[in-house]
Amino acid sequence: MNAHAATLTVQTRGKGTTEITDEVGRIVRESGIATGTATVFLQHTSASLVIYENADPSARADLHAFFERLVPEDGGGYVHTAEGGDDTTSHLRMALTRTGETVPVVRGALALGTWQGIYVFEHRRAAHRRTVVVTVVGV
Amino acid sequence: MNAHAATLTVQTRGKGTTEITDEVGRIVRESGIATGTATVFLQHTSASLVIYENADPSARADLHAFFERLVPEDGGGYVHTAEGGDDTTSHLRMALTRTGETVPVVRGALALGTWQGIYVFEHRRAAHRRTVVVTVVGV
Amino acid sequence: MNAHAATLTVQTRGKGTTEITDEVGRIVRESGIATGTATVFLQHTSASLVIYENADPSARADLHAFFERLVPEDGGGYVHTAEGGDDTTSHLRMALTRTGETVPVVRGALALGTWQGIYVFEHRRAAHRRTVVVTVVGV
């Protein structure tokens with residue numbers, strides 16, 4: 001049995017999604033673990049971790065646009081706006097999506113489906129450096 | 001310490017929820033693991049994995065209807081529609097719910113609450129065969 | 001390798017969020033596990049587990065208000081109302097947020113970001129006693 005931890009730094013370019021599937025896969029291979037789980041965890045409350053369709057970029061354009069409508073920056077009557085109009089909306093979009101994903105590890109690799117990519121979903125307008133912690137546990 | 005992986009195939013009947021709690025519980029028992037976690041992971045981006053109230057089927061009728069309203073097929077202005085009007089809406093409904101759940105294993109069984117069932121939530125109109133990977137890790 | 005399970009009882013005061021970060025951290029320390037994962041799982045379908053900004057309480061006021069608007073008790077046309085107007089809305093709010101979180105354990109502690117707190121998000125109007133199961137797995 002083994003457990004392995006590593007950290008990724010992800011540079012975002014403001015609102016939108018940045019794929020990290022390959023980087024997570026590399027950490028799984030480095031762990032030497034054949035069967036178990038890889039937990040991918042974003043250490044932030046104004047960005048999300050999501051699994052999304054990774055074949056057609058227009059799919060993610062719809063994702064970005066949908067969250068602008070569902071959690072609009074204007075007209076929400078928010079009280080937590082100390083860091084601007086994209087402050088509380090970032091937290092709400094994060095709560096509606098995910099902070100971590102635990103992906104099975106089978107035969108030494110992430111057991112993702114054909115079209116599944118792992119993304120950091122930035123909710124702030126400005127570019128940010130985001131930290132992702134990955135732990136691989138298994139045998 | 002041990003780790004165990006298995007795969008379930010779930011036949012959906014188009015939009016709606018299909019319970020898989022018993023099948024996941026059987027994999028946990030087969031693993032022989034007494035304390036740890038069971039990670040249940042759906043390898044698709046147009047269906048979700050959700051935990052939901054399993055006593056009264058009308059609860060799930062409200063779930064299905066709510067997502068039709070929150071992420072409507074008509075009027076969304078979506079650009080990713082190559083596979084039809086239920087294409088991007090399936091991905092959005094998936095992002096708003098979950099792809100995997102990690103459930104504690106205690107005394108050799110899933111530590112679910114009394115009313116918690118594990119469901120595959122199909123978002124496509126057509127029936128699909130869906131693959132769920134389960135890994136059990138612990139001692 | 002090791003695995004450790006413990007249970008927390010959380011008293012809520014009706015709708016709103018109750019932080020449990022310190023209690024989960026204590027279980028991680030008691031486990032003696034240095035590297036691995038802590039799975040925090042709420043055994044209920046009318047409350048959620050969420051990670052949220054823990055610095056400014058007004059952030060959570062926006063969270064509570066947002067879900068009142070996104071999943072309103074009135075006008076939803078719900079059919080599952082046996083336990084009142086906050087019955088099906090509680091399940092829907094739970095499905096839109098989370099039931100469990102798996103947080104990496106690094107150097108014997110929860111690898112949370114600076115502003116991340118773990119909360120039980122109560123969706124029923126009445127106060128409830130909620131059970132959270134925590135399993136720590138690793139080396």
# chains A, B, ... in the order shown; residues from 1 in each chain; ligands from 1

call {"tool": "select_by_dssp", "arguments": {"residues": "chain B", "states": "alpha helix (DSSP H)", "output": "PyMOL selection string"}}
result
chain B and resi 21-31+57-70+87-96

call {"tool": "interface_residues", "arguments": {"of": "chain C", "to": "chain A", "cutoff": "9 Å", "atoms": "only C-alpha atoms", "output": "number ranges by chain"}}
result
C: 1-2, 35-37, 50-53, 56-63, 65-66, 70, 96-98, 101-106, 111-116, 137-139

call {"tool": "write_last_selection", "arguments": {"atoms": "N, CA and C atoms", "output": "short mmCIF file (atom, residue, chain, number, x, y, z; two decimals), in the first residue's frame"}}
result
data_model
loop_
_atom_site.label_atom_id
_atom_site.label_comp_id
_atom_site.auth_asym_id
_atom_site.auth_seq_id
_atom_site.Cartn_x
_atom_site.Cartn_y
_atom_site.Cartn_z
N MET C 1 0.25 1.18 5.91
CA MET C 1 -1.03 1.74 5.45
C MET C 1 -2.07 1.64 6.56
N ASN C 2 -2.95 2.59 6.54
CA ASN C 2 -3.92 2.61 7.60
C ASN C 2 -5.23 3.23 7.13
N THR C 35 0.08 10.98 4.98
CA THR C 35 -0.19 11.25 3.56
C THR C 35 -1.37 10.41 3.11
N GLY C 36 -2.36 11.04 2.51
CA GLY C 36 -3.51 10.27 2.03
C GLY C 36 -4.70 11.18 1.79
N THR C 37 -5.89 10.72 2.18
CA THR C 37 -7.11 11.49 1.97
C THR C 37 -8.01 11.42 3.19
N VAL C 50 -20.45 21.55 2.02
CA VAL C 50 -19.79 22.43 1.05
C VAL C 50 -18.49 22.96 1.62
N ILE C 51 -17.58 23.24 0.72
CA ILE C 51 -16.38 24.02 1.05
C ILE C 51 -16.68 25.44 0.62
N TYR C 52 -16.43 26.41 1.52
CA TYR C 52 -16.76 27.79 1.18
C TYR C 52 -15.78 28.73 1.84
N GLU C 53 -15.78 29.95 1.39
CA GLU C 53 -14.94 31.04 1.93
C GLU C 53 -15.24 31.21 3.41
N ASP C 56 -15.06 35.90 5.65
CA ASP C 56 -16.06 36.97 5.81
C ASP C 56 -17.45 36.35 5.84
N PRO C 57 -18.15 36.44 6.97
CA PRO C 57 -19.49 35.81 7.07
C PRO C 57 -20.47 36.29 6.01
N SER C 58 -20.27 37.51 5.47
CA SER C 58 -21.21 38.01 4.45
C SER C 58 -21.16 37.14 3.19
N ALA C 59 -20.04 36.46 2.96
CA ALA C 59 -19.96 35.56 1.80
C ALA C 59 -21.03 34.47 1.93
N ARG C 60 -21.19 33.96 3.13
CA ARG C 60 -22.18 32.90 3.32
C ARG C 60 -23.61 33.42 3.33
N ALA C 61 -23.79 34.67 3.70
CA ALA C 61 -25.13 35.28 3.58
C ALA C 61 -25.56 35.28 2.11
N ASP C 62 -24.64 35.59 1.21
CA ASP C 62 -24.96 35.55 -0.22
C ASP C 62 -25.26 34.12 -0.69
N LEU C 63 -24.53 33.15 -0.14
CA LEU C 63 -24.79 31.75 -0.48
C LEU C 63 -26.21 31.35 -0.10
N ALA C 65 -28.83 33.29 0.46
CA ALA C 65 -29.84 34.04 -0.31
C ALA C 65 -29.92 33.53 -1.75
N PHE C 66 -28.76 33.19 -2.33
CA PHE C 66 -28.75 32.73 -3.71
C PHE C 66 -29.57 31.45 -3.87
N LEU C 70 -32.56 30.53 -6.36
CA LEU C 70 -32.36 29.55 -7.43
C LEU C 70 -33.34 28.38 -7.31
N LEU C 96 -27.46 20.17 -6.05
CA LEU C 96 -26.71 21.23 -6.73
C LEU C 96 -25.40 21.55 -6.01
N THR C 97 -25.28 21.14 -4.77
CA THR C 97 -24.02 21.37 -4.06
C THR C 97 -23.34 20.01 -3.89
N ARG C 98 -23.09 19.57 -2.67
CA ARG C 98 -22.31 18.33 -2.51
C ARG C 98 -22.76 17.57 -1.28
N GLU C 101 -16.91 15.49 0.50
CA GLU C 101 -15.69 16.11 -0.04
C GLU C 101 -14.53 15.21 0.36
N THR C 102 -13.62 14.97 -0.56
CA THR C 102 -12.40 14.25 -0.21
C THR C 102 -11.25 15.24 -0.28
N VAL C 103 -10.64 15.46 0.87
CA VAL C 103 -9.59 16.48 1.01
C VAL C 103 -8.25 15.77 1.18
N PRO C 104 -7.23 16.16 0.43
CA PRO C 104 -5.92 15.54 0.63
C PRO C 104 -5.40 15.75 2.06
N VAL C 105 -4.70 14.75 2.54
CA VAL C 105 -3.96 14.86 3.80
C VAL C 105 -2.48 14.89 3.46
N VAL C 106 -1.81 15.96 3.86
CA VAL C 106 -0.38 16.14 3.58
C VAL C 106 0.30 16.53 4.88
N ALA C 111 -5.09 19.42 3.70
CA ALA C 111 -4.43 20.35 2.79
C ALA C 111 -5.43 21.34 2.21
N LEU C 112 -6.08 22.10 3.10
CA LEU C 112 -7.03 23.12 2.65
C LEU C 112 -6.29 24.40 2.30
N GLY C 113 -6.87 25.17 1.38
CA GLY C 113 -6.35 26.50 1.09
C GLY C 113 -6.66 27.46 2.23
N THR C 114 -6.04 28.62 2.17
CA THR C 114 -6.12 29.61 3.26
C THR C 114 -7.56 29.98 3.62
N TRP C 115 -8.42 30.09 2.61
CA TRP C 115 -9.77 30.61 2.87
C TRP C 115 -10.83 29.52 2.81
N GLN C 116 -10.42 28.26 2.77
CA GLN C 116 -11.40 27.18 2.64
C GLN C 116 -11.85 26.65 3.99
N VAL C 137 -7.62 7.71 5.02
CA VAL C 137 -6.93 6.57 4.44
C VAL C 137 -5.57 7.02 3.97
N GLY C 138 -4.52 6.25 4.26
CA GLY C 138 -3.20 6.63 3.78
C GLY C 138 -2.10 5.94 4.56
N VAL C 139 -0.93 6.56 4.55
CA VAL C 139 0.22 5.96 5.25
C VAL C 139 0.75 6.92 6.31
#

call {"tool": "calpha_fit_and_write", "arguments": {"fixed": "chain C", "moving": "chain B", "output": "PDB file with C-alpha atoms, in the first residue's frame"}}
result
ATOM      1  CA  MET B   1      -1.027   1.796   5.474  1.00  0.00           C
ATOM      2  CA  ASN B   2      -3.942   2.628   7.609  1.00  0.00           C
ATOM      3  CA  ALA B   3      -7.590   3.586   7.606  1.00  0.00           C
ATOM      4  CA  HIS B   4      -9.501   5.363  10.340  1.00  0.00           C
ATOM      5  CA  ALA B   5     -13.231   6.104  10.658  1.00  0.00           C
ATOM      6  CA  ALA B   6     -15.022   8.487  12.995  1.00  0.00           C
ATOM      7  CA  THR B   7     -18.421  10.142  13.243  1.00  0.00           C
ATOM      8  CA  LEU B   8     -19.343  13.755  13.993  1.00  0.00           C
ATOM      9  CA  THR B   9     -22.738  14.939  15.148  1.00  0.00           C
ATOM     10  CA  VAL B  10     -23.550  18.466  14.022  1.00  0.00           C
ATOM     11  CA  GLN B  11     -26.419  20.465  15.474  1.00  0.00           C
ATOM     12  CA  THR B  12     -27.831  22.880  12.897  1.00  0.00           C
ATOM     13  CA  ARG B  13     -30.141  25.814  13.644  1.00  0.00           C
ATOM     14  CA  GLY B  14     -32.288  25.555  10.533  1.00  0.00           C
ATOM     15  CA  LYS B  15     -31.290  26.953   7.163  1.00  0.00           C
ATOM     16  CA  GLY B  16     -27.683  28.084   6.963  1.00  0.00           C
ATOM     17  CA  THR B  17     -24.108  26.897   7.263  1.00  0.00           C
ATOM     18  CA  THR B  18     -22.231  25.455  10.251  1.00  0.00           C
ATOM     19  CA  GLU B  19     -18.452  25.143  10.069  1.00  0.00           C
ATOM     20  CA  ILE B  20     -16.862  21.791  10.937  1.00  0.00           C
ATOM     21  CA  THR B  21     -13.293  22.345   9.703  1.00  0.00           C
ATOM     22  CA  ASP B  22     -11.715  22.092  13.162  1.00  0.00           C
ATOM     23  CA  GLU B  23     -13.583  18.914  14.051  1.00  0.00           C
ATOM     24  CA  VAL B  24     -12.502  17.230  10.811  1.00  0.00           C
ATOM     25  CA  GLY B  25      -8.919  18.384  11.349  1.00  0.00           C
ATOM     26  CA  ARG B  26      -8.916  16.825  14.798  1.00  0.00           C
ATOM     27  CA  ILE B  27     -10.007  13.443  13.367  1.00  0.00           C
ATOM     28  CA  VAL B  28      -7.187  13.636  10.816  1.00  0.00           C
ATOM     29  CA  ARG B  29      -4.643  14.260  13.571  1.00  0.00           C
ATOM     30  CA  GLU B  30      -6.048  11.431  15.678  1.00  0.00           C
ATOM     31  CA  SER B  31      -5.701   9.038  12.734  1.00  0.00           C
ATOM     32  CA  GLY B  32      -1.919   9.408  12.757  1.00  0.00           C
ATOM     33  CA  ILE B  33      -1.977   9.303   8.931  1.00  0.00           C
ATOM     34  CA  ALA B  34       0.627  11.555   7.286  1.00  0.00           C
ATOM     35  CA  THR B  35      -0.192  11.253   3.562  1.00  0.00           C
ATOM     36  CA  GLY B  36      -3.512  10.272   2.019  1.00  0.00           C
ATOM     37  CA  THR B  37      -7.104  11.490   1.965  1.00  0.00           C
ATOM     38  CA  ALA B  38      -9.841  12.501   4.378  1.00  0.00           C
ATOM     39  CA  THR B  39     -13.347  11.799   3.089  1.00  0.00           C
ATOM     40  CA  VAL B  40     -16.034  13.869   4.801  1.00  0.00           C
ATOM     41  CA  PHE B  41     -19.519  12.526   4.062  1.00  0.00           C
ATOM     42  CA  LEU B  42     -22.908  13.801   5.185  1.00  0.00           C
ATOM     43  CA  GLN B  43     -25.490  11.043   5.683  1.00  0.00           C
ATOM     44  CA  HIS B  44     -28.496  13.154   4.675  1.00  0.00           C
ATOM     45  CA  THR B  45     -30.426  14.222   1.571  1.00  0.00           C
ATOM     46  CA  SER B  46     -31.858  17.512   2.846  1.00  0.00           C
ATOM     47  CA  ALA B  47     -28.551  19.110   3.821  1.00  0.00           C
ATOM     48  CA  SER B  48     -25.237  19.479   1.987  1.00  0.00           C
ATOM     49  CA  LEU B  49     -21.557  19.470   2.672  1.00  0.00           C
ATOM     50  CA  VAL B  50     -19.794  22.433   1.068  1.00  0.00           C
ATOM     51  CA  ILE B  51     -16.385  24.014   1.059  1.00  0.00           C
ATOM     52  CA  TYR B  52     -16.756  27.791   1.192  1.00  0.00           C
ATOM     53  CA  GLU B  53     -14.937  31.033   1.903  1.00  0.00           C
ATOM     54  CA  ASN B  54     -14.442  31.174   5.682  1.00  0.00           C
ATOM     55  CA  ALA B  55     -13.046  34.658   6.228  1.00  0.00           C
ATOM     56  CA  ASP B  56     -16.053  36.965   5.806  1.00  0.00           C
ATOM     57  CA  PRO B  57     -19.484  35.801   7.060  1.00  0.00           C
ATOM     58  CA  SER B  58     -21.208  37.990   4.437  1.00  0.00           C
ATOM     59  CA  ALA B  59     -19.960  35.556   1.787  1.00  0.00           C
ATOM     60  CA  ARG B  60     -22.171  32.880   3.319  1.00  0.00           C
ATOM     61  CA  ALA B  61     -25.116  35.270   3.572  1.00  0.00           C
ATOM     62  CA  ASP B  62     -24.962  35.546  -0.217  1.00  0.00           C
ATOM     63  CA  LEU B  63     -24.785  31.748  -0.498  1.00  0.00           C
ATOM     64  CA  HIS B  64     -27.927  31.318   1.587  1.00  0.00           C
ATOM     65  CA  ALA B  65     -29.829  34.035  -0.309  1.00  0.00           C
ATOM     66  CA  PHE B  66     -28.744  32.725  -3.708  1.00  0.00           C
ATOM     67  CA  PHE B  67     -30.174  29.265  -3.073  1.00  0.00           C
ATOM     68  CA  GLU B  68     -33.474  30.753  -1.881  1.00  0.00           C
ATOM     69  CA  ARG B  69     -33.765  32.390  -5.303  1.00  0.00           C
ATOM     70  CA  LEU B  70     -32.366  29.555  -7.432  1.00  0.00           C
ATOM     71  CA  VAL B  71     -34.553  26.889  -5.803  1.00  0.00           C
ATOM     72  CA  PRO B  72     -37.524  28.837  -4.434  1.00  0.00           C
ATOM     73  CA  GLU B  73     -39.954  27.252  -2.026  1.00  0.00           C
ATOM     74  CA  ASP B  74     -42.901  28.932  -3.749  1.00  0.00           C
ATOM     75  CA  GLY B  75     -43.915  28.517  -7.363  1.00  0.00           C
ATOM     76  CA  GLY B  76     -41.762  25.514  -8.199  1.00  0.00           C
ATOM     77  CA  GLY B  77     -44.707  23.240  -8.987  1.00  0.00           C
ATOM     78  CA  TYR B  78     -43.130  20.489  -6.914  1.00  0.00           C
ATOM     79  CA  VAL B  79     -44.950  17.185  -6.357  1.00  0.00           C
ATOM     80  CA  HIS B  80     -42.834  15.834  -3.465  1.00  0.00           C
ATOM     81  CA  THR B  81     -44.124  17.992  -0.626  1.00  0.00           C
ATOM     82  CA  ALA B  82     -45.114  15.411   1.993  1.00  0.00           C
ATOM     83  CA  GLU B  83     -42.846  17.020   4.580  1.00  0.00           C
ATOM     84  CA  GLY B  84     -43.632  20.634   3.675  1.00  0.00           C
ATOM     85  CA  GLY B  85     -42.550  23.352   1.285  1.00  0.00           C
ATOM     86  CA  ASP B  86     -38.889  22.912   2.226  1.00  0.00           C
ATOM     87  CA  ASP B  87     -38.899  19.178   1.433  1.00  0.00           C
ATOM     88  CA  THR B  88     -38.085  18.820  -2.255  1.00  0.00           C
ATOM     89  CA  THR B  89     -36.236  22.155  -2.294  1.00  0.00           C
ATOM     90  CA  SER B  90     -33.832  20.696   0.295  1.00  0.00           C
ATOM     91  CA  HIS B  91     -33.079  17.730  -1.931  1.00  0.00           C
ATOM     92  CA  LEU B  92     -32.580  19.942  -4.998  1.00  0.00           C
ATOM     93  CA  ARG B  93     -30.221  22.293  -3.155  1.00  0.00           C
ATOM     94  CA  MET B  94     -28.298  19.251  -1.949  1.00  0.00           C
ATOM     95  CA  ALA B  95     -28.002  17.854  -5.502  1.00  0.00           C
ATOM     96  CA  LEU B  96     -26.719  21.238  -6.741  1.00  0.00           C
ATOM     97  CA  THR B  97     -24.023  21.378  -4.074  1.00  0.00           C
ATOM     98  CA  ARG B  98     -22.307  18.336  -2.518  1.00  0.00           C
ATOM     99  CA  THR B  99     -22.767  15.452  -0.137  1.00  0.00           C
ATOM    100  CA  GLY B 100     -19.106  14.595   0.419  1.00  0.00           C
ATOM    101  CA  GLU B 101     -15.695  16.113  -0.044  1.00  0.00           C
ATOM    102  CA  THR B 102     -12.400  14.259  -0.213  1.00  0.00           C
ATOM    103  CA  VAL B 103      -9.595  16.482   1.010  1.00  0.00           C
ATOM    104  CA  PRO B 104      -5.919  15.539   0.626  1.00  0.00           C
ATOM    105  CA  VAL B 105      -3.967  14.872   3.802  1.00  0.00           C
ATOM    106  CA  VAL B 106      -0.391  16.145   3.580  1.00  0.00           C
ATOM    107  CA  ARG B 107       2.115  16.119   6.464  1.00  0.00           C
ATOM    108  CA  GLY B 108      -0.585  14.880   8.811  1.00  0.00           C
ATOM    109  CA  ALA B 109      -3.069  17.714   8.199  1.00  0.00           C
ATOM    110  CA  LEU B 110      -5.933  18.665   5.879  1.00  0.00           C
ATOM    111  CA  ALA B 111      -4.436  20.350   2.791  1.00  0.00           C
ATOM    112  CA  LEU B 112      -7.034  23.126   2.662  1.00  0.00           C
ATOM    113  CA  GLY B 113      -6.360  26.493   1.107  1.00  0.00           C
ATOM    114  CA  THR B 114      -6.126  29.610   3.248  1.00  0.00           C
ATOM    115  CA  TRP B 115      -9.774  30.606   2.860  1.00  0.00           C
ATOM    116  CA  GLN B 116     -11.407  27.178   2.628  1.00  0.00           C
ATOM    117  CA  GLY B 117     -13.731  26.039   5.390  1.00  0.00           C
ATOM    118  CA  ILE B 118     -15.829  22.856   5.460  1.00  0.00           C
ATOM    119  CA  TYR B 119     -19.503  23.500   6.216  1.00  0.00           C
ATOM    120  CA  VAL B 120     -22.715  21.597   6.763  1.00  0.00           C
ATOM    121  CA  PHE B 121     -25.325  23.499   4.726  1.00  0.00           C
ATOM    122  CA  GLU B 122     -28.743  22.914   6.307  1.00  0.00           C
ATOM    123  CA  HIS B 123     -31.647  23.247   3.872  1.00  0.00           C
ATOM    124  CA  ARG B 124     -34.569  22.557   6.236  1.00  0.00           C
ATOM    125  CA  ARG B 125     -36.230  25.378   8.147  1.00  0.00           C
ATOM    126  CA  ALA B 126     -36.067  23.458  11.421  1.00  0.00           C
ATOM    127  CA  ALA B 127     -32.949  22.694  13.433  1.00  0.00           C
ATOM    128  CA  HIS B 128     -31.614  19.176  12.876  1.00  0.00           C
ATOM    129  CA  ARG B 129     -28.960  16.883  14.259  1.00  0.00           C
ATOM    130  CA  ARG B 130     -26.821  15.822  11.289  1.00  0.00           C
ATOM    131  CA  THR B 131     -24.326  12.971  11.096  1.00  0.00           C
ATOM    132  CA  VAL B 132     -21.017  13.309   9.259  1.00  0.00           C
ATOM    133  CA  VAL B 133     -18.791  10.266   8.703  1.00  0.00           C
ATOM    134  CA  VAL B 134     -15.073  10.884   8.211  1.00  0.00           C
ATOM    135  CA  THR B 135     -12.651   8.267   6.932  1.00  0.00           C
ATOM    136  CA  VAL B 136      -8.929   8.903   6.682  1.00  0.00           C
ATOM    137  CA  VAL B 137      -6.942   6.564   4.428  1.00  0.00           C
ATOM    138  CA  GLY B 138      -3.198   6.627   3.774  1.00  0.00           C
ATOM    139  CA  VAL B 139       0.217   5.971   5.238  1.00  0.00           C
TER     140      VAL B 139
END

call {"tool": "select_by_dssp", "arguments": {"residues": "stretch 8-65 of chain B", "states": "strand (DSSP E or B)", "output": "ChimeraX atom specification"}}
result
/B:8-11,16-19,36-42,47-53
